[in-house]
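All remarks here apply to the structure that follows.
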Amino acid sequence: MKKRKILFLGETYRADAITWMNGLKEFGDFEIITWELQTPNNSFPNKILRTLEFLLAIFSIKKSIRQQKPDMIIAERTTSYGFLAVLSGLQPTAIAQQGKTDLWPEDSITIPLKKIIQNYAFKKATFIHAWGPVIADSMLIAKVDMEKVMVLPKGIDLEKFKNKNTAQPDKISAIVTRSLLPEYRHDHVLKAFGILHQKEIDFSLTIIGNGEQLPFLKELAKELNIENKVLFTGKILNTALPKLLQESNFYLSMPITEGVSASLFEAMACGCYPVVSDISGNQSWIRHRKNGQLITVDDVEMLANELIWAFENKDFRNNAVLHNRKFMEDHVNYKTNMKIIADKYHELIDNSTAVK
């Protein structure tokens, strides 16, 4: 197989992006070069500067293409890097929608413009990734040519995320691995465990990661008198995550929107029982009281009650955990899925070269 070069447009620090690039290197023997916006999106002045950088980005990208001569360009997010990828003119072009929709936030005044940009990206891309069914559904609504779409998650490394769970069976040992941002509703998780504390149910809760809500959440834990039962780890190395998951028997995630969550897959692979918000992105993988619990968005009482129900039904929970691991092995194996994706890229490049 001939050595090929791919230009990746996207945020190279993100775990999803790293998985994508590493999988292409490992299973397709691709050389990956990268391009990304340099201005951080962390303040109003920087947002203005980042927008200006975005408007001028195509010149920098085309320069990189002339110098590096990649065989293919790939990009995440249909309304930003994906749009720039198709604008570059390089074929083949593969773009990926990251969430249930890239048209976010839903109440933004820029949504009409983003729709135009996204539709252009969908139309001009050679190949489109939907990392899960909920993303494919949104593409159908957007009238995307589904013959160009591959519905397949990148998968997770099942050799790293092993089913070697060591959590104490007589205690709720819960873990949350989402960024500490308002849309992930960590405050509702804490309030639900406040209810468990009042009911004198033993638990430990590990909250991994950083984010703007960290000081608020620490203060809330104190107000609920559960600060001694809650561990805020801050940012950790990804290599430390499997062990923390394996020491937990419950995985919680309460976002108000979701595409395809690698965090959920990692937890399911490690034997954590999933308790997640009842939204379409989670419904693709979880059936309520079948292989996990689905919680109405922002319903703290339901979250507390369903945690108690799942904890008290130990045999049911154990069977669900075994089922989930098998599902990960059959459908979400990084080695299998990334090989399929890498082979498809080689096919696209070969077909493009033949046309030229």
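To be explicit about the labels: the chains of the structure tokens are called A, B, and onward in the order shown, and within each one the residues are counted from 1, while ligands get numbers from 1 in the order they are shown.
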Neighbours of region 85-87 of chain A within 10 Å (only C-alpha atoms; same-chain residues fewer than 5 positions away dropped), as a PDB file with N, CA and C atoms, in the first residue's frame?
```
ATOM      1  N   LEU A   7      -4.039  15.952   5.156  1.00  0.00           N
ATOM      2  CA  LEU A   7      -4.081  17.217   5.892  1.00  0.00           C
ATOM      3  C   LEU A   7      -5.322  17.213   6.770  1.00  0.00           C
ATOM      4  N   PHE A   8      -5.125  17.334   8.083  1.00  0.00           N
ATOM      5  CA  PHE A   8      -6.230  17.353   9.039  1.00  0.00           C
ATOM      6  C   PHE A   8      -6.475  18.787   9.492  1.00  0.00           C
ATOM      7  N   LEU A   9      -7.720  19.251   9.357  1.00  0.00           N
ATOM      8  CA  LEU A   9      -8.118  20.554   9.868  1.00  0.00           C
ATOM      9  C   LEU A   9      -8.974  20.341  11.110  1.00  0.00           C
ATOM     10  N   GLY A  10      -8.520  20.869  12.232  1.00  0.00           N
ATOM     11  CA  GLY A  10      -9.276  20.704  13.462  1.00  0.00           C
ATOM     12  C   GLY A  10      -8.414  20.971  14.671  1.00  0.00           C
ATOM     13  N   ILE A  58      -8.460  30.446   4.665  1.00  0.00           N
ATOM     14  CA  ILE A  58      -8.347  29.692   3.425  1.00  0.00           C
ATOM     15  C   ILE A  58      -7.015  29.950   2.710  1.00  0.00           C
ATOM     16  N   ILE A  61      -4.431  27.826   4.477  1.00  0.00           N
ATOM     17  CA  ILE A  61      -4.648  26.406   4.177  1.00  0.00           C
ATOM     18  C   ILE A  61      -4.168  26.076   2.764  1.00  0.00           C
ATOM     19  N   LYS A  62      -4.484  26.935   1.809  1.00  0.00           N
ATOM     20  CA  LYS A  62      -4.051  26.686   0.429  1.00  0.00           C
ATOM     21  C   LYS A  62      -2.528  26.731   0.310  1.00  0.00           C
ATOM     22  N   MET A  72      -5.117  14.082   0.478  1.00  0.00           N
ATOM     23  CA  MET A  72      -6.506  14.159   0.924  1.00  0.00           C
ATOM     24  C   MET A  72      -6.589  15.171   2.056  1.00  0.00           C
ATOM     25  N   ILE A  73      -7.778  15.751   2.250  1.00  0.00           N
ATOM     26  CA  ILE A  73      -8.002  16.654   3.375  1.00  0.00           C
ATOM     27  C   ILE A  73      -9.199  16.157   4.180  1.00  0.00           C
ATOM     28  N   ILE A  74      -9.080  16.161   5.508  1.00  0.00           N
ATOM     29  CA  ILE A  74     -10.181  15.755   6.381  1.00  0.00           C
ATOM     30  C   ILE A  74     -10.377  16.843   7.436  1.00  0.00           C
ATOM     31  N   ALA A  75     -11.592  16.944   7.948  1.00  0.00           N
ATOM     32  CA  ALA A  75     -11.867  18.027   8.890  1.00  0.00           C
ATOM     33  C   ALA A  75     -13.051  17.692   9.789  1.00  0.00           C
ATOM     34  N   GLU A  76     -12.997  18.216  11.021  1.00  0.00           N
ATOM     35  CA  GLU A  76     -14.106  18.070  11.954  1.00  0.00           C
ATOM     36  C   GLU A  76     -14.948  19.347  11.947  1.00  0.00           C
ATOM     37  N   THR A  78     -18.772  20.632  10.553  1.00  0.00           N
ATOM     38  CA  THR A  78     -19.215  21.010   9.209  1.00  0.00           C
ATOM     39  C   THR A  78     -19.351  22.513   9.025  1.00  0.00           C
ATOM     40  N   SER A  80     -17.297  24.862  10.365  1.00  0.00           N
ATOM     41  CA  SER A  80     -16.047  25.612  10.540  1.00  0.00           C
ATOM     42  C   SER A  80     -14.931  24.954   9.726  1.00  0.00           C
ATOM     43  N   PRO A  92      -9.693  14.035  -2.545  1.00  0.00           N
ATOM     44  CA  PRO A  92     -10.967  13.926  -1.840  1.00  0.00           C
ATOM     45  C   PRO A  92     -10.978  14.686  -0.508  1.00  0.00           C
ATOM     46  N   THR A  93     -12.186  15.047  -0.086  1.00  0.00           N
ATOM     47  CA  THR A  93     -12.412  15.762   1.165  1.00  0.00           C
ATOM     48  C   THR A  93     -13.375  14.961   2.032  1.00  0.00           C
ATOM     49  N   ALA A  94     -12.961  14.650   3.244  1.00  0.00           N
ATOM     50  CA  ALA A  94     -13.844  13.976   4.199  1.00  0.00           C
ATOM     51  C   ALA A  94     -14.102  14.918   5.372  1.00  0.00           C
ATOM     52  N   ILE A  95     -15.368  15.129   5.688  1.00  0.00           N
ATOM     53  CA  ILE A  95     -15.716  15.992   6.817  1.00  0.00           C
ATOM     54  C   ILE A  95     -16.580  15.218   7.805  1.00  0.00           C
ATOM     55  N   TYR A 120     -23.387  23.931   2.182  1.00  0.00           N
ATOM     56  CA  TYR A 120     -22.337  23.996   1.165  1.00  0.00           C
ATOM     57  C   TYR A 120     -21.288  22.904   1.419  1.00  0.00           C
ATOM     58  N   ALA A 121     -20.914  22.751   2.703  1.00  0.00           N
ATOM     59  CA  ALA A 121     -19.919  21.732   3.056  1.00  0.00           C
ATOM     60  C   ALA A 121     -20.431  20.329   2.741  1.00  0.00           C
ATOM     61  N   PHE A 122     -21.684  20.065   3.091  1.00  0.00           N
ATOM     62  CA  PHE A 122     -22.275  18.764   2.798  1.00  0.00           C
ATOM     63  C   PHE A 122     -22.285  18.488   1.292  1.00  0.00           C
ATOM     64  N   LYS A 123     -22.630  19.516   0.502  1.00  0.00           N
ATOM     65  CA  LYS A 123     -22.764  19.342  -0.944  1.00  0.00           C
ATOM     66  C   LYS A 123     -21.413  19.093  -1.605  1.00  0.00           C
ATOM     67  N   LYS A 124     -20.373  19.799  -1.167  1.00  0.00           N
ATOM     68  CA  LYS A 124     -19.092  19.753  -1.833  1.00  0.00           C
ATOM     69  C   LYS A 124     -18.158  18.652  -1.315  1.00  0.00           C
ATOM     70  N   ALA A 125     -18.401  18.122  -0.123  1.00  0.00           N
ATOM     71  CA  ALA A 125     -17.521  17.087   0.437  1.00  0.00           C
ATOM     72  C   ALA A 125     -17.609  15.801  -0.375  1.00  0.00           C
ATOM     73  N   THR A 126     -16.481  15.135  -0.504  1.00  0.00           N
ATOM     74  CA  THR A 126     -16.446  13.835  -1.173  1.00  0.00           C
ATOM     75  C   THR A 126     -17.081  12.760  -0.297  1.00  0.00           C
TER      76      THR A 126
END
```
Calculate how many Å separate CA of Ala174 (chain A) from CA of Glu247 (chain A), rounding to one decimal. 8.9 Å
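Checking A:Phe232, A:Phe54, A:Phe127, A:Tyr13 one by one against Glu347 (chain A), counting only C-alpha atoms, you find the shortest gap at A:Phe127.
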Please produce, as CSV, a per-residue contact table for region 252-340 of chain A versus region 138-146 of chain A (criterion: any atom at most 12 Å away, only C-alpha atoms considered), showing the nearest atom pair and its distance in Å to one decimal, sorted by chain then residue number.
```
residue,atom,partner,partner_atom,distance
A:Gly259,CA,A:Ser138,CA,10.3
A:Ser280,CA,A:Ser138,CA,10.7
A:Gly281,CA,A:Ser138,CA,11.0
```
Name the residues of region 46-290 of chain A that fall into alpha helix (DSSP H) according to DSSP on the backbone, using the chain letters and numbers of this document, as a PyMOL selection string. chain A and resi 46-68+81-87+111-124+133-141+186-198+214-223+241-246+262-269+280-283
Just want the 10 Å neighbourhood of Arg325 (chain A), counted on only C-alpha atoms, with same-chain residues fewer than 6 positions away dropped. Output as a compact mmCIF listing (two decimals) with C-alpha atoms, in the first residue's frame.
```txt
# COMPACT_ATOMS: atom_id res chain seq x y z
CA LEU A 158 -10.69 -2.01 24.12
CA LYS A 162 -10.66 -3.33 29.73
CA ASN A 163 -13.55 -4.94 31.55
CA PHE A 265 -18.29 4.07 25.36
CA GLU A 266 -15.19 4.08 27.57
CA ALA A 267 -17.32 3.69 30.69
CA MET A 268 -19.41 0.88 29.19
CA ALA A 269 -16.25 -0.94 28.14
CA CYS A 270 -14.87 -0.74 31.70
CA GLY A 271 -17.93 -2.21 33.38
CA CYS A 272 -19.62 0.98 34.57
CA VAL A 332 -17.31 0.08 18.89
```
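For the residues A:Val151, A:Leu84, A:Ile156, A:Leu52, ranking by smallest atom-to-atom distance to Trp131 (chain A) using only C-alpha atoms places A:Val151 first.
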